[in-house]
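Pasting my_file-v1.pdb here (PDB, C-alpha atoms and all ligand atoms):
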ATOM      1  CA  MET J 743      12.724   7.026 -19.707  1.00  0.00           C
ATOM      2  CA  ILE J 744      11.035   6.879 -16.294  1.00  0.00           C
ATOM      3  CA  GLU J 745       8.827   9.818 -17.231  1.00  0.00           C
ATOM      4  CA  GLU J 746       7.791   8.094 -20.469  1.00  0.00           C
ATOM      5  CA  LYS J 747       7.116   4.879 -18.579  1.00  0.00           C
ATOM      6  CA  VAL J 748       4.817   6.701 -16.150  1.00  0.00           C
ATOM      7  CA  LYS J 749       3.010   8.524 -18.928  1.00  0.00           C
ATOM      8  CA  SER J 750       2.295   5.343 -20.844  1.00  0.00           C
ATOM      9  CA  LEU J 751       1.245   3.520 -17.660  1.00  0.00           C
ATOM     10  CA  LEU J 752      -1.137   6.323 -16.753  1.00  0.00           C
ATOM     11  CA  LYS J 753      -2.717   5.874 -20.168  1.00  0.00           C
ATOM     12  CA  GLU J 754      -2.893   2.112 -19.750  1.00  0.00           C
ATOM     13  CA  ILE J 755      -4.368   2.085 -16.242  1.00  0.00           C
ATOM     14  CA  PRO J 756      -8.121   2.584 -16.492  1.00  0.00           C
ATOM     15  CA  ALA J 757      -9.304   5.792 -14.850  1.00  0.00           C
ATOM     16  CA  THR J 758     -11.920   3.832 -12.967  1.00  0.00           C
ATOM     17  CA  ASN J 759     -12.421   0.200 -11.956  1.00  0.00           C
ATOM     18  CA  PRO J 760     -15.601  -1.761 -12.812  1.00  0.00           C
ATOM     19  CA  PHE J 761     -17.184  -0.309  -9.662  1.00  0.00           C
ATOM     20  CA  GLY J 762     -16.768   3.201 -11.047  1.00  0.00           C
ATOM     21  CA  GLU J 763     -14.091   4.134  -8.502  1.00  0.00           C
ATOM     22  CA  LYS J 764     -11.005   6.145  -9.396  1.00  0.00           C
ATOM     23  CA  VAL J 765      -7.885   3.963  -9.605  1.00  0.00           C
ATOM     24  CA  THR J 766      -4.888   5.514  -7.854  1.00  0.00           C
ATOM     25  CA  LEU J 767      -1.346   4.648  -8.870  1.00  0.00           C
ATOM     26  CA  VAL J 768       1.144   4.568  -5.995  1.00  0.00           C
ATOM     27  CA  ALA J 769       4.779   4.365  -7.121  1.00  0.00           C
ATOM     28  CA  ALA J 770       6.616   1.796  -4.973  1.00  0.00           C
ATOM     29  CA  VAL J 771       9.927   3.569  -4.509  1.00  0.00           C
ATOM     30  CA  LYS J 772      12.043   1.180  -2.457  1.00  0.00           C
ATOM     31  CA  LEU J 773      15.724   1.278  -3.491  1.00  0.00           C
ATOM     32  CA  GLN J 774      15.133   4.112  -5.981  1.00  0.00           C
ATOM     33  CA  THR J 775      17.177   7.303  -5.825  1.00  0.00           C
ATOM     34  CA  ALA J 776      15.454  10.600  -5.093  1.00  0.00           C
ATOM     35  CA  GLU J 777      16.321  11.659  -8.641  1.00  0.00           C
ATOM     36  CA  HIS J 778      14.482   8.700 -10.150  1.00  0.00           C
ATOM     37  CA  ILE J 779      11.516   9.242  -7.852  1.00  0.00           C
ATOM     38  CA  ASN J 780      11.366  12.894  -8.876  1.00  0.00           C
ATOM     39  CA  ARG J 781      11.393  11.874 -12.546  1.00  0.00           C
ATOM     40  CA  ALA J 782       8.402   9.633 -11.905  1.00  0.00           C
ATOM     41  CA  ILE J 783       6.656  12.571 -10.256  1.00  0.00           C
ATOM     42  CA  CYS J 784       7.449  14.737 -13.297  1.00  0.00           C
ATOM     43  CA  GLY J 785       5.825  12.031 -15.424  1.00  0.00           C
ATOM     44  CA  GLY J 786       2.605  12.344 -13.465  1.00  0.00           C
ATOM     45  CA  VAL J 787       2.962  10.191 -10.321  1.00  0.00           C
ATOM     46  CA  THR J 788       0.967  11.814  -7.501  1.00  0.00           C
ATOM     47  CA  ASP J 789       1.453   9.183  -4.801  1.00  0.00           C
ATOM     48  CA  ILE J 790       4.615   7.431  -3.632  1.00  0.00           C
ATOM     49  CA  GLY J 791       5.017   4.508  -1.249  1.00  0.00           C
ATOM     50  CA  ASP J 792       8.048   3.583   0.833  1.00  0.00           C
ATOM     51  CA  ASN J 793       8.954   0.256   2.394  1.00  0.00           C
ATOM     52  CA  HIS J 794      11.840   1.217   4.623  1.00  0.00           C
ATOM     53  CA  VAL J 795      11.815   3.914   7.309  1.00  0.00           C
ATOM     54  CA  GLN J 796      15.495   4.721   6.825  1.00  0.00           C
ATOM     55  CA  GLU J 797      15.051   5.324   3.092  1.00  0.00           C
ATOM     56  CA  PHE J 798      11.935   7.371   3.730  1.00  0.00           C
ATOM     57  CA  ARG J 799      13.854   9.618   6.110  1.00  0.00           C
ATOM     58  CA  ASP J 800      16.993   9.913   3.982  1.00  0.00           C
ATOM     59  CA  LYS J 801      15.106  11.036   0.899  1.00  0.00           C
ATOM     60  CA  PHE J 802      12.257  12.944   2.510  1.00  0.00           C
ATOM     61  CA  ASN J 803      13.523  16.456   1.829  1.00  0.00           C
ATOM     62  CA  GLU J 804      14.756  15.662  -1.675  1.00  0.00           C
ATOM     63  CA  ILE J 805      11.353  14.674  -3.029  1.00  0.00           C
ATOM     64  CA  LYS J 806       9.812  17.416  -5.138  1.00  0.00           C
ATOM     65  CA  GLY J 807       6.234  18.167  -6.050  1.00  0.00           C
ATOM     66  CA  ASN J 808       4.630  17.325  -2.705  1.00  0.00           C
ATOM     67  CA  PRO J 809       3.235  13.867  -3.578  1.00  0.00           C
ATOM     68  CA  ARG J 810       0.931  11.998  -1.227  1.00  0.00           C
ATOM     69  CA  ARG J 811       3.065   9.746   0.968  1.00  0.00           C
ATOM     70  CA  HIS J 812       2.278   6.105   1.615  1.00  0.00           C
ATOM     71  CA  PHE J 813       4.042   3.604   3.808  1.00  0.00           C
ATOM     72  CA  ILE J 814       3.695   0.145   2.312  1.00  0.00           C
ATOM     73  CA  GLY J 815       6.339  -1.938   4.112  1.00  0.00           C
ATOM     74  CA  HIS J 816       6.519  -3.918   7.315  1.00  0.00           C
ATOM     75  CA  LEU J 817       6.715  -1.392  10.143  1.00  0.00           C
ATOM     76  CA  GLN J 818       8.450  -1.943  13.466  1.00  0.00           C
ATOM     77  CA  THR J 819       6.726  -0.157  16.342  1.00  0.00           C
ATOM     78  CA  ASN J 820       9.943   1.546  17.486  1.00  0.00           C
ATOM     79  CA  LYS J 821      10.171   3.341  14.124  1.00  0.00           C
ATOM     80  CA  ILE J 822       6.669   4.809  14.119  1.00  0.00           C
ATOM     81  CA  LYS J 823       8.006   8.054  15.562  1.00  0.00           C
ATOM     82  CA  TYR J 824       9.906   8.830  12.367  1.00  0.00           C
ATOM     83  CA  LEU J 825       6.768   8.613  10.237  1.00  0.00           C
ATOM     84  CA  LEU J 826       4.124  10.275  12.397  1.00  0.00           C
ATOM     85  CA  GLY J 827       2.411  13.166  10.694  1.00  0.00           C
ATOM     86  CA  LYS J 828       4.391  12.602   7.486  1.00  0.00           C
ATOM     87  CA  VAL J 829       2.568   9.601   6.043  1.00  0.00           C
ATOM     88  CA  ASP J 830      -0.844  10.116   4.432  1.00  0.00           C
ATOM     89  CA  LEU J 831      -1.726   6.412   4.401  1.00  0.00           C
ATOM     90  CA  TYR J 832      -0.213   3.381   6.152  1.00  0.00           C
ATOM     91  CA  HIS J 833      -1.036   0.337   4.002  1.00  0.00           C
ATOM     92  CA  SER J 834       0.525  -2.394   6.032  1.00  0.00           C
ATOM     93  CA  VAL J 835      -1.084  -2.575   9.450  1.00  0.00           C
ATOM     94  CA  ASP J 836      -0.528  -6.289   9.722  1.00  0.00           C
ATOM     95  CA  ARG J 837      -0.834  -6.968  13.456  1.00  0.00           C
ATOM     96  CA  TYR J 838      -2.920  -5.681  16.318  1.00  0.00           C
ATOM     97  CA  ASN J 839       0.004  -4.470  18.376  1.00  0.00           C
ATOM     98  CA  LEU J 840       1.138  -2.197  15.521  1.00  0.00           C
ATOM     99  CA  ALA J 841      -2.349  -0.663  15.356  1.00  0.00           C
ATOM    100  CA  GLU J 842      -2.287  -0.073  19.118  1.00  0.00           C
ATOM    101  CA  GLU J 843       1.117   1.597  19.055  1.00  0.00           C
ATOM    102  CA  LEU J 844       0.256   3.698  16.021  1.00  0.00           C
ATOM    103  CA  SER J 845      -2.915   4.777  17.781  1.00  0.00           C
ATOM    104  CA  ARG J 846      -1.123   5.615  21.022  1.00  0.00           C
ATOM    105  CA  LYS J 847       1.682   7.564  19.359  1.00  0.00           C
ATOM    106  CA  SER J 848      -0.686   9.371  16.989  1.00  0.00           C
ATOM    107  CA  ALA J 849      -2.831  10.485  19.930  1.00  0.00           C
ATOM    108  CA  GLN J 850       0.260  11.677  21.793  1.00  0.00           C
ATOM    109  CA  ALA J 851       1.392  13.671  18.774  1.00  0.00           C
ATOM    110  CA  GLY J 852      -2.076  15.093  18.189  1.00  0.00           C
ATOM    111  CA  VAL J 853      -2.454  13.594  14.711  1.00  0.00           C
ATOM    112  CA  THR J 854      -4.870  11.128  13.146  1.00  0.00           C
ATOM    113  CA  SER J 855      -3.253   8.360  11.108  1.00  0.00           C
ATOM    114  CA  ASN J 856      -5.028   6.906   8.085  1.00  0.00           C
ATOM    115  CA  ILE J 857      -4.506   3.181   7.796  1.00  0.00           C
ATOM    116  CA  LEU J 858      -5.387   0.097   5.790  1.00  0.00           C
ATOM    117  CA  ILE J 859      -5.656  -3.330   7.350  1.00  0.00           C
ATOM    118  CA  GLN J 860      -3.350  -5.802   5.632  1.00  0.00           C
ATOM    119  CA  ILE J 861      -4.882  -9.156   4.796  1.00  0.00           C
ATOM    120  CA  ASN J 862      -2.726 -12.192   4.081  1.00  0.00           C
ATOM    121  CA  ILE J 863      -4.996 -13.309   1.283  1.00  0.00           C
ATOM    122  CA  GLY J 864      -2.856 -16.257   0.201  1.00  0.00           C
ATOM    123  CA  ASN J 865      -2.292 -17.461   3.796  1.00  0.00           C
ATOM    124  CA  GLU J 866       1.433 -17.333   3.107  1.00  0.00           C
ATOM    125  CA  GLU J 867       3.922 -17.853   5.919  1.00  0.00           C
ATOM    126  CA  THR J 868       6.312 -15.377   4.327  1.00  0.00           C
ATOM    127  CA  LYS J 869       3.778 -12.548   4.344  1.00  0.00           C
ATOM    128  CA  GLY J 870       2.289 -10.520   7.144  1.00  0.00           C
ATOM    129  CA  GLY J 871      -1.328  -9.644   7.687  1.00  0.00           C
ATOM    130  CA  PHE J 872      -4.530 -10.960   9.141  1.00  0.00           C
ATOM    131  CA  ALA J 873      -6.507 -13.914   7.838  1.00  0.00           C
ATOM    132  CA  LEU J 874      -9.439 -12.940   5.651  1.00  0.00           C
ATOM    133  CA  GLU J 875     -11.768 -14.809   8.001  1.00  0.00           C
ATOM    134  CA  GLU J 876     -10.819 -12.645  10.974  1.00  0.00           C
ATOM    135  CA  SER J 877     -11.002  -9.327   9.137  1.00  0.00           C
ATOM    136  CA  GLU J 878     -14.354  -8.231  10.527  1.00  0.00           C
ATOM    137  CA  GLU J 879     -13.313  -8.849  14.112  1.00  0.00           C
ATOM    138  CA  VAL J 880      -9.973  -7.139  13.466  1.00  0.00           C
ATOM    139  CA  PHE J 881     -11.687  -4.190  11.826  1.00  0.00           C
ATOM    140  CA  ASN J 882     -14.043  -3.774  14.785  1.00  0.00           C
ATOM    141  CA  LYS J 883     -11.154  -3.884  17.246  1.00  0.00           C
ATOM    142  CA  ILE J 884      -8.860  -1.544  15.322  1.00  0.00           C
ATOM    143  CA  SER J 885     -11.515   0.972  14.348  1.00  0.00           C
ATOM    144  CA  ALA J 886     -12.347   1.394  18.045  1.00  0.00           C
ATOM    145  CA  LEU J 887      -8.820   2.712  18.729  1.00  0.00           C
ATOM    146  CA  PRO J 888      -8.404   6.485  18.989  1.00  0.00           C
ATOM    147  CA  ALA J 889      -6.479   8.632  16.497  1.00  0.00           C
ATOM    148  CA  LEU J 890      -6.747   6.056  13.706  1.00  0.00           C
ATOM    149  CA  ASN J 891      -8.903   6.248  10.636  1.00  0.00           C
ATOM    150  CA  VAL J 892      -9.354   2.863   8.951  1.00  0.00           C
ATOM    151  CA  GLU J 893      -9.731   3.649   5.255  1.00  0.00           C
ATOM    152  CA  GLY J 894      -9.736   0.174   3.765  1.00  0.00           C
ATOM    153  CA  LEU J 895      -7.897  -3.063   3.146  1.00  0.00           C
ATOM    154  CA  MET J 896      -4.574  -3.978   1.570  1.00  0.00           C
ATOM    155  CA  ALA J 897      -3.391  -7.280   0.166  1.00  0.00           C
ATOM    156  CA  MET J 898      -0.540  -8.805  -1.780  1.00  0.00           C
ATOM    157  CA  LEU J 899      -1.480 -11.717  -3.970  1.00  0.00           C
ATOM    158  CA  PRO J 900       0.896 -14.694  -3.968  1.00  0.00           C
ATOM    159  CA  PHE J 901       3.512 -14.980  -6.718  1.00  0.00           C
ATOM    160  CA  ASP J 902       1.671 -17.625  -8.637  1.00  0.00           C
ATOM    161  CA  ARG J 903       1.095 -18.192 -12.325  1.00  0.00           C
ATOM    162  CA  ASP J 904      -2.347 -19.641 -11.775  1.00  0.00           C
ATOM    163  CA  GLN J 905      -4.496 -16.765 -13.032  1.00  0.00           C
ATOM    164  CA  ALA J 906      -7.729 -18.422 -11.937  1.00  0.00           C
ATOM    165  CA  LEU J 907      -6.409 -18.717  -8.387  1.00  0.00           C
ATOM    166  CA  LEU J 908      -5.235 -15.086  -8.328  1.00  0.00           C
ATOM    167  CA  ARG J 909      -8.560 -13.905  -9.652  1.00  0.00           C
ATOM    168  CA  ARG J 910     -10.410 -15.901  -7.014  1.00  0.00           C
ATOM    169  CA  LEU J 911      -8.303 -14.348  -4.247  1.00  0.00           C
ATOM    170  CA  ALA J 912      -8.694 -10.818  -5.636  1.00  0.00           C
ATOM    171  CA  LYS J 913     -12.445 -11.347  -5.867  1.00  0.00           C
ATOM    172  CA  ALA J 914     -12.556 -12.589  -2.269  1.00  0.00           C
ATOM    173  CA  MET J 915     -10.785  -9.398  -1.167  1.00  0.00           C
ATOM    174  CA  ARG J 916     -13.300  -7.233  -2.981  1.00  0.00           C
ATOM    175  CA  GLU J 917     -16.199  -9.187  -1.479  1.00  0.00           C
ATOM    176  CA  LYS J 918     -14.826  -8.685   2.016  1.00  0.00           C
ATOM    177  CA  TYR J 919     -14.272  -4.976   1.293  1.00  0.00           C
ATOM    178  CA  ASP J 920     -17.865  -4.590   0.105  1.00  0.00           C
ATOM    179  CA  GLY J 921     -19.175  -6.710   2.964  1.00  0.00           C
ATOM    180  CA  LEU J 922     -17.529  -4.546   5.617  1.00  0.00           C
ATOM    181  CA  ASN J 923     -18.634  -1.403   3.805  1.00  0.00           C
ATOM    182  CA  ALA J 924     -22.208  -2.677   3.826  1.00  0.00           C
ATOM    183  CA  LYS J 925     -21.852  -2.894   7.615  1.00  0.00           C
ATOM    184  CA  GLY J 926     -20.808   0.749   7.788  1.00  0.00           C
ATOM    185  CA  ALA J 927     -17.014   0.539   7.507  1.00  0.00           C
ATOM    186  CA  ASN J 928     -16.878   3.578   5.223  1.00  0.00           C
ATOM    187  CA  PHE J 929     -13.827   2.287   3.343  1.00  0.00           C
ATOM    188  CA  LYS J 930     -12.270   4.255   0.493  1.00  0.00           C
ATOM    189  CA  TYR J 931      -9.353   2.090  -0.604  1.00  0.00           C
ATOM    190  CA  LEU J 932      -8.715  -1.451  -1.628  1.00  0.00           C
ATOM    191  CA  SER J 933      -4.944  -1.450  -2.160  1.00  0.00           C
ATOM    192  CA  MET J 934      -4.152  -4.501  -4.245  1.00  0.00           C
ATOM    193  CA  GLY J 935      -2.013  -5.012  -7.330  1.00  0.00           C
ATOM    194  CA  MET J 936       1.698  -4.871  -8.173  1.00  0.00           C
ATOM    195  CA  SER J 937       3.555  -4.881 -11.496  1.00  0.00           C
ATOM    196  CA  GLY J 938       2.768  -8.524 -12.255  1.00  0.00           C
ATOM    197  CA  ASP J 939      -0.894  -8.623 -11.357  1.00  0.00           C
ATOM    198  CA  TRP J 940      -2.379  -5.112 -11.328  1.00  0.00           C
ATOM    199  CA  LYS J 941      -4.636  -5.569 -14.365  1.00  0.00           C
ATOM    200  CA  LEU J 942      -6.363  -8.556 -12.864  1.00  0.00           C
ATOM    201  CA  CYS J 943      -6.639  -6.741  -9.516  1.00  0.00           C
ATOM    202  CA  VAL J 944      -8.257  -3.649 -11.058  1.00  0.00           C
ATOM    203  CA  GLU J 945     -10.660  -5.858 -13.018  1.00  0.00           C
ATOM    204  CA  GLU J 946     -11.712  -7.465  -9.755  1.00  0.00           C
ATOM    205  CA  GLY J 947     -12.227  -4.146  -7.992  1.00  0.00           C
ATOM    206  CA  SER J 948      -8.953  -2.827  -6.612  1.00  0.00           C
ATOM    207  CA  ASN J 949      -8.827   0.980  -6.611  1.00  0.00           C
ATOM    208  CA  MET J 950      -5.221   1.488  -5.559  1.00  0.00           C
ATOM    209  CA  ILE J 951      -2.246  -0.226  -7.176  1.00  0.00           C
ATOM    210  CA  ARG J 952       1.380  -0.142  -6.044  1.00  0.00           C
ATOM    211  CA  LEU J 953       3.858  -0.380  -8.913  1.00  0.00           C
ATOM    212  CA  GLY J 954       7.634  -0.457  -8.721  1.00  0.00           C
ATOM    213  CA  THR J 955       9.148  -2.536 -11.506  1.00  0.00           C
ATOM    214  CA  SER J 956       6.715  -1.294 -14.172  1.00  0.00           C
ATOM    215  CA  ILE J 957       7.880   2.261 -13.521  1.00  0.00           C
ATOM    216  CA  PHE J 958      11.548   1.952 -12.594  1.00  0.00           C
ATOM    217  CA  GLY J 959      12.597  -1.405 -14.101  1.00  0.00           C
ATOM    218  CA  GLN J 960      14.143  -4.265 -12.122  1.00  0.00           C
ATOM    219  CA  ARG J 961      15.347  -3.235  -8.680  1.00  0.00           C
ATOM    220  CA  ASN J 962      19.063  -3.494  -7.993  1.00  0.00           C
ATOM    221  CA  TYR J 963      19.268  -5.070  -4.544  1.00  0.00           C
ATOM    222  CA  GLN J 964      23.077  -5.052  -4.636  1.00  0.00           C
ATOM    223  CA  LYS J 965      23.467  -1.299  -4.813  1.00  0.00           C
ATOM    224  CA  THR J 966      22.487  -0.448  -1.229  1.00  0.00           C
TER     225      THR J 966
HETATM  226  C1  LIG H1001       7.897  -3.577  -3.813  1.00  0.00           C
HETATM  227  C2  LIG H1001       6.462  -3.551  -3.508  1.00  0.00           C
HETATM  228  C3  LIG H1001       5.519  -3.295  -4.508  1.00  0.00           C
HETATM  229  C4  LIG H1001       5.869  -3.121  -5.977  1.00  0.00           C
HETATM  230  O1  LIG H1001       6.310  -4.321  -6.510  1.00  0.00           O
HETATM  231  P1  LIG H1001       6.606  -4.440  -8.101  1.00  0.00           P
HETATM  232  O2  LIG H1001       6.421  -5.879  -8.377  1.00  0.00           O
HETATM  233  O3  LIG H1001       7.994  -3.978  -8.309  1.00  0.00           O
HETATM  234  O4  LIG H1001       5.626  -3.589  -8.789  1.00  0.00           O
HETATM  235  C5  LIG H1001       4.184  -3.213  -4.138  1.00  0.00           C
HETATM  236  N1  LIG H1001       3.797  -3.376  -2.866  1.00  0.00           N
HETATM  237  C6  LIG H1001       4.663  -3.617  -1.876  1.00  0.00           C
HETATM  238  C7  LIG H1001       4.173  -3.784  -0.497  1.00  0.00           C
HETATM  239  C8  LIG H1001       6.022  -3.726  -2.171  1.00  0.00           C
HETATM  240  O5  LIG H1001       6.880  -3.987  -1.192  1.00  0.00           O
END
Represent the supplied structure as structure tokens.
Ligand SMILES: *Cc1c(COP(=O)(O)O)cnc(C)c1O
Amino acid sequence: MIEEKVKSLLKEIPATNPFGEKVTLVAAVKLQTAEHINRAICGGVTDIGDNHVQEFRDKFNEIKGNPRRHFIGHLQTNKIKYLLGKVDLYHSVDRYNLAEELSRKSAQAGVTSNILIQINIGNEETKGGFALEESEEVFNKISALPALNVEGLMAMLPFDRDQALLRRLAKAMREKYDGLNAKGANFKYLSMGMSGDWKLCVEEGSNMIRLGTSIFGQRNYQKT
């Protein structure tokens, strides 16, 4: 079932976005068992993203097939040590102090950490991230830190039915991404799009989507 789901999704997701960039599917694996995650990998998932450090650690050795590892959740600085050198891309650098700590600990460990800067595109109080307006200043500050490699931007659109609004926000993200790239940012990833809005996000220029529900079905928050 999960394997079939992944296979049909991989057919449905366009290979490239309108900018000609490869679209990468990251399976959002929070609350999924290692067995279910491994089934998704058998179906063709190459990248998986965790939200919780504890879950990441508990399942780490049970994951087969050596997928690329993403961390997509809110990260407390005291937990960085458990992820260092094991995460290929941190999507959710949502505050300056996290960037500083990740930089410091990466340098200490002799690794370079690849990160995305999280933008709170809907200006929502319930979500982390920097304001779109401050993203250039934030990028300049964070990219000056050692042992970090800023590879792009990440955003979560609001849960809103207003498609025109969502499209406007997604477009604004892409414009900022292109604008910073034009100034030499050398970005590779715009991580934007979840189960409810990924099509719109890819149409507007996202090249990395994070899907949970579309692959695994509704999450059972009671189980854990
Ligand atoms: C859970 C989660 C997703 C996936 O959400 P779905 O709606 O289940 O696809 C994507 N990104 C982040 C940061 C998440 O926490």
* Name each residue within 8 Å of ligand LIG 1001 (chain H), counting all atoms listed in the file, as a ChimeraX atom specification. => /J:769-772,792-793,814-815,834,898,935-938,951-957,959-961
* Using the chain letters and numbers from the file, which residues does the PyMOL selection byres (((chain J and resi 795) around 9) and not hetatm) grab, as a PyMOL selection string? -> chain J and resi 792-794+796-800+813+815+817+821-822+824-825
* **Explicit residues for the PyMOL selection byres (((chain J and resi 883-896) around 7) and not hetatm) (as a PyMOL selection string)** => chain J and resi 833-834+841+845+848-849+853-861+879-882+897+919+929-934
* Extract, using all atoms listed in the file, all DNA, RNA and protein residues at most 12 Å from Asn808 (chain J), discarding same-chain residues fewer than 3 positions from it, and format them as an MDAnalysis selection string. => chainID J and resid 779:780 783:784 787:790 802:805 811 828:830
Could you save the residues just selected, with C-alpha atoms, as a tab-separated table (two decimals), keeping the file's coordinate frame?
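Everything below was put into result01.tsv:
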chain	number	residue	atom	x	y	z
J	779	ILE	CA	11.52	9.24	-7.85
J	780	ASN	CA	11.37	12.89	-8.88
J	783	ILE	CA	6.66	12.57	-10.26
J	784	CYS	CA	7.45	14.74	-13.30
J	787	VAL	CA	2.96	10.19	-10.32
J	788	THR	CA	0.97	11.81	-7.50
J	789	ASP	CA	1.45	9.18	-4.80
J	790	ILE	CA	4.62	7.43	-3.63
J	802	PHE	CA	12.26	12.94	2.51
J	803	ASN	CA	13.52	16.46	1.83
J	804	GLU	CA	14.76	15.66	-1.68
J	805	ILE	CA	11.35	14.67	-3.03
J	811	ARG	CA	3.06	9.75	0.97
J	828	LYS	CA	4.39	12.60	7.49
J	829	VAL	CA	2.57	9.60	6.04
J	830	ASP	CA	-0.84	10.12	4.43
* **Best match for closeness to Gln905 (chain J) among J:Glu917, J:Lys925, J:Lys941, J:Gln964, counting only C-alpha atoms** =>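 Between J:Glu917, J:Lys925, J:Lys941, J:Gln964, the residue approaching Gln905 (chain J) most closely is J:Lys941.
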* Rounded to one decimal in Å, what is the spacing between CA of Glu875 (chain J) and CA of Lys913 (chain J)? ->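 Interatomic distance here is 14.3 Å.
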* Apply the PyMOL selection byres (((chain J and resi 754) around 12) and not hetatm) to the file shown and report the selected residues as a ChimeraX atom specification. => /J:747-753,755-758,765,767,940-941,944,956
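What separates CA of Phe872 (chain J) from CA of Lys918 (chain J) is a distance of 12.7 Å.
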* Please, what distance in Å, to one decimal, runs between CA of Lys764 (chain J) and CA of Asn928 (chain J)? -> 16.0 Å
* Would you please work out which residue, of J:Gly827, J:Asn759, J:Leu844, J:Glu876, is nearest to Arg916 (chain J) when using all atoms listed in the file? => J:Asn759
* Can you work out which one of J:Gly852, J:Gly807, J:Gly762, J:Gly870 has the shortest atom-to-atom distance to Gly785 (chain J), counting all atoms listed in the file? => J:Gly807
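When only C-alpha atoms are used to measure the gap to Glu946 (chain J), the shortest distance among J:Ala912, J:Ala927, J:Ala873, J:Ala851 belongs to J:Ala912.
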